[in-house]
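Novice: Encoded as structure tokens, here's the structure I'll be asking about.
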Amino acid sequence: MKFDGVLFFPVTPFTAEGAVDVELLKEHIASRLPFGPGGVFPACGTGEFHALSIEEVRTVVRAAVEVVDGKVPVVAGAGGPLGHALAAAKAAEEAGADALLVLPPYLVTGPTDGLVAYIEAVAAASSLPVIVYHRGNAKFTAASMARLAANPKVVGFKDGLGDVGLAQEIVSAVKATGRDDFAFFNGLLTAELTQGAYRGLGIPLYSSAAFAMAPEIAKAYYDAYVSGDEDRRNALLEGFYAPLVRLRDQTPGFGVSLIKAGLRLGGLPVGSVRAPLVDPTDEQLVELKAILAKGYELAGR
């Protein structure tokens, strides 16, 4: 499975009554496809997987598959309690997804052998290949990722932990197995801020929540990143991404909340986040609007 471009993690729009707004979701995804995402990841972290039922996962993934129509891979989220993860894997397969991003298990922290068993169980639940999400209570070692790389259904590793030494060990260990079809992603929040360093680790791909909110800005950063235009890349980092991260860090969960708020500011009524996340205050919305304006200016819009 090949990814070429920014990895797009769409939000899940909700109606005023709290239901998934399928038509708005399709509009949201369709409006970003012209900016060349390398893959679409519905019902994952930015899509509030933690707050979706299995039927909602199925609905969200099916809508994404219909809109994307085979142009790029569609990778759906699966994780949480093992039973929920297995059901999500099956629902995503039925909805036509191309692969799964396996999010951490719920609440408990198991030993490495248990984490490997968790990934293998999700992989066995459907015919879909899986990408391991290294984050929170799902912390893998180089040896455990080498074990998982022996399974041809395990096709990728997404680092959301930020331990660059460990990430380097994992990249080296997987490559030593002879796998040349294995994808490595930077999955830290607002990954653009750290992608310069991750590229040096042999992790060239990154997820972008900002792409969901402001694809023009995210695409400008990506173009500068791949072309080696460091002056423009650093200008976007300093003028847009760093202020966005400072605002994001004011409130837990704003990695999702700000993206939805930015979409609303841009005229797409995607609704609020579901509990336990909260929406930005009026003061924070003013700050977000100014950050976006600066980002669009730097992107040349």
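In the structure tokens, chains take the letters A, B, ... in the order shown, each chain's residues start at 1, and ligands count up from 1 in the order shown.
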So which residues touch A:Leu115 within 12 Å, counting only C-alpha atoms, skipping near sequence neighbours fewer than 2 positions away, as JSON, numbers by chain?

Specialist: {"A": [79, 82, 102, 103, 104, 105, 106, 108, 109, 110, 111, 112, 113, 117, 118, 119, 120, 121, 122, 132, 133, 134, 135, 137, 138, 139, 140, 141, 144, 145, 147, 148]}

Novice: Create the file for the chosen residues now, containing C-alpha atoms and written as a PDB file, in the first residue's frame.

Specialist:
ATOM      1  CA  GLY A  79      -9.281   0.156  18.701  1.00  0.00           C
ATOM      2  CA  LEU A  82     -10.924  -5.612  22.156  1.00  0.00           C
ATOM      3  CA  VAL A 102      -5.169   0.123  15.114  1.00  0.00           C
ATOM      4  CA  LEU A 103      -5.599   2.589  17.963  1.00  0.00           C
ATOM      5  CA  PRO A 104      -4.584   1.732  21.554  1.00  0.00           C
ATOM      6  CA  PRO A 105      -6.642  -0.653  23.710  1.00  0.00           C
ATOM      7  CA  TYR A 106      -8.948   0.785  26.338  1.00  0.00           C
ATOM      8  CA  VAL A 108      -5.441  -1.110  30.635  1.00  0.00           C
ATOM      9  CA  THR A 109      -1.704  -1.247  30.017  1.00  0.00           C
ATOM     10  CA  GLY A 110      -0.506  -4.717  29.061  1.00  0.00           C
ATOM     11  CA  PRO A 111       2.980  -6.127  28.559  1.00  0.00           C
ATOM     12  CA  THR A 112       4.545  -6.169  25.126  1.00  0.00           C
ATOM     13  CA  ASP A 113       3.360  -9.715  24.421  1.00  0.00           C
ATOM     14  CA  ALA A 117      -1.566 -10.245  20.661  1.00  0.00           C
ATOM     15  CA  TYR A 118      -3.988  -7.301  20.521  1.00  0.00           C
ATOM     16  CA  ILE A 119      -2.659  -6.188  17.113  1.00  0.00           C
ATOM     17  CA  GLU A 120      -2.709  -9.757  15.808  1.00  0.00           C
ATOM     18  CA  ALA A 121      -6.305 -10.237  16.979  1.00  0.00           C
ATOM     19  CA  VAL A 122      -7.466  -7.104  15.161  1.00  0.00           C
ATOM     20  CA  VAL A 132       0.108  -0.023  14.316  1.00  0.00           C
ATOM     21  CA  TYR A 133      -0.482   3.188  16.294  1.00  0.00           C
ATOM     22  CA  HIS A 134       2.326   3.619  18.861  1.00  0.00           C
ATOM     23  CA  ARG A 135       0.776   5.917  21.456  1.00  0.00           C
ATOM     24  CA  ASN A 137      -0.866   2.753  26.581  1.00  0.00           C
ATOM     25  CA  ALA A 138       0.214   1.025  23.342  1.00  0.00           C
ATOM     26  CA  LYS A 139       3.987   1.420  23.567  1.00  0.00           C
ATOM     27  CA  PHE A 140       5.888  -1.002  21.377  1.00  0.00           C
ATOM     28  CA  THR A 141       9.539  -1.992  21.445  1.00  0.00           C
ATOM     29  CA  SER A 144       7.899  -6.355  19.242  1.00  0.00           C
ATOM     30  CA  MET A 145       7.597  -4.385  16.001  1.00  0.00           C
ATOM     31  CA  ARG A 147       7.789  -9.626  15.475  1.00  0.00           C
ATOM     32  CA  LEU A 148       4.730  -7.894  14.061  1.00  0.00           C
TER      33      LEU A 148
END

Novice: In stretch 48-260 of chain A, what's strand (DSSP E or B) per DSSP? Answer as a PyMOL selection string?

Specialist: chain A and resi 74-78+99-102+130-135+138+154-159+183-186+205-208

Novice: Report as a list in words all protein, DNA and RNA residues lying within 9 Å of A:Gly45, evaluated on only C-alpha atoms, omitting residues in the same chain fewer than 5 positions from it.

Specialist: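 The residues that qualify are Phe9, Val11, His50, Gly77, Leu103 and Val256 of chain A.
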
Novice: Give me the residues within 12 Å of A:Asp181 as a list in words, counting only C-alpha atoms and dropping any in the same chain fewer than 2 places off.

Specialist: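 The filter keeps Met1, Lys2, Phe3, Pro129, Ala149, Ala150, Pro152, Lys153, Val154, Val155, Gly156, Phe157, Val174, Lys175, Thr177, Gly178, Arg179, Ala183 and Phe184 of chain A.
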
Novice: Considering only C-alpha atoms, can you say which of A:Ala261, A:Leu292, A:Ile217, A:Ala197 comes closest to A:Arg32?

Specialist: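 That would be A:Ile217, the residue with the smallest distance to A:Arg32.
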
Novice: Of the candidates A:Leu7, A:Ala64, A:Ala214, A:Leu188, which one gets nearest to A:Ile29 if we count only C-alpha atoms?

Specialist: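 Ranking A:Leu7, A:Ala64, A:Ala214, A:Leu188 by distance to A:Ile29, first place goes to A:Ala64.
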
Novice: Could you check which of A:Leu24, A:Gly39, A:Val65, A:Glu169 is closest to A:Leu205, using only C-alpha atoms?

Specialist: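 When distances to A:Leu205 are compared using only C-alpha atoms, the smallest one comes from A:Gly39.
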
Novice: Measuring between only C-alpha atoms, which one of A:Leu263, A:Val75, A:Phe185, A:Ala218 shows the shortest distance to A:Gly300?

Specialist: A:Ala218

Novice: List as a PyMOL selection string the protein and nucleic acid residues near A:Val278, meaning an atom at most 12 Å away when only C-alpha atoms are counted, but skip any in the same chain fewer than 5 places from it.

Specialist: chain A and resi 250-258+260-261+271-273

Novice: Could you write out the selected residues, including C-alpha atoms, as a PDB file, in the first residue's frame?

Specialist:
ATOM      1  CA  GLN A 250      -4.318  25.451  26.435  1.00  0.00           C
ATOM      2  CA  THR A 251      -7.034  22.798  26.755  1.00  0.00           C
ATOM      3  CA  PRO A 252      -6.936  18.975  26.656  1.00  0.00           C
ATOM      4  CA  GLY A 253      -8.500  17.576  23.504  1.00  0.00           C
ATOM      5  CA  PHE A 254      -8.028  20.708  21.422  1.00  0.00           C
ATOM      6  CA  GLY A 255      -6.162  18.665  18.814  1.00  0.00           C
ATOM      7  CA  VAL A 256      -9.677  17.845  17.573  1.00  0.00           C
ATOM      8  CA  SER A 257     -11.755  20.741  18.926  1.00  0.00           C
ATOM      9  CA  LEU A 258      -9.744  23.448  17.146  1.00  0.00           C
ATOM     10  CA  LYS A 260     -13.763  21.492  14.022  1.00  0.00           C
ATOM     11  CA  ALA A 261     -13.876  25.116  15.149  1.00  0.00           C
ATOM     12  CA  GLY A 271     -21.101  20.793  14.676  1.00  0.00           C
ATOM     13  CA  SER A 272     -19.500  20.501  18.083  1.00  0.00           C
ATOM     14  CA  VAL A 273     -17.219  17.826  19.466  1.00  0.00           C
TER      15      VAL A 273
END

Novice: One decimal, Å: what's the distance from atom CA of A:Ala299 over to atom CA of A:Gly47, could you say?

Specialist: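 Computed distance, atom CA of A:Ala299 to atom CA of A:Gly47, equals 25.2 Å.
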
Novice: Could you pull the residues within 10 Å of A:Ser126, counting only C-alpha atoms, minus those fewer than 4 positions along the same chain, as a ChimeraX atom specification?

Specialist: /A:86-94,99-100,121-122,130

Novice: To one decimal place in Å, what is the distance between atom CA of A:Ile131 and atom CA of A:Lys158?

Specialist: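 Computing it gives 7.0 Å between the two atoms.
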
Novice: Atom CA of A:Ala16 and atom CA of A:Glu66 are how many Å apart?

Specialist: 24.1 Å

Novice: Which residues in stretch 42-291 of chain A does DSSP call helix (DSSP H, G or I)? List them as a ChimeraX atom specification.

Specialist: /A:49-51,54-68,82-95,112-124,142-149,164-176,191-193,195-200,209-213,215-227,230-248,254-265,282-291

Novice: Which one of A:Gly267, A:Pro243, A:Gly96, A:Gly160 sits closest to A:His28 if you count only C-alpha atoms?

Specialist: A:Gly267

Novice: Out of A:Leu52, A:Val72, A:Ile203, A:Ala235, which residue has the shortest atom-to-atom distance to A:Ala85 when counting only C-alpha atoms?

Specialist: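 For A:Ala85, the nearest of the given residues is A:Leu52.
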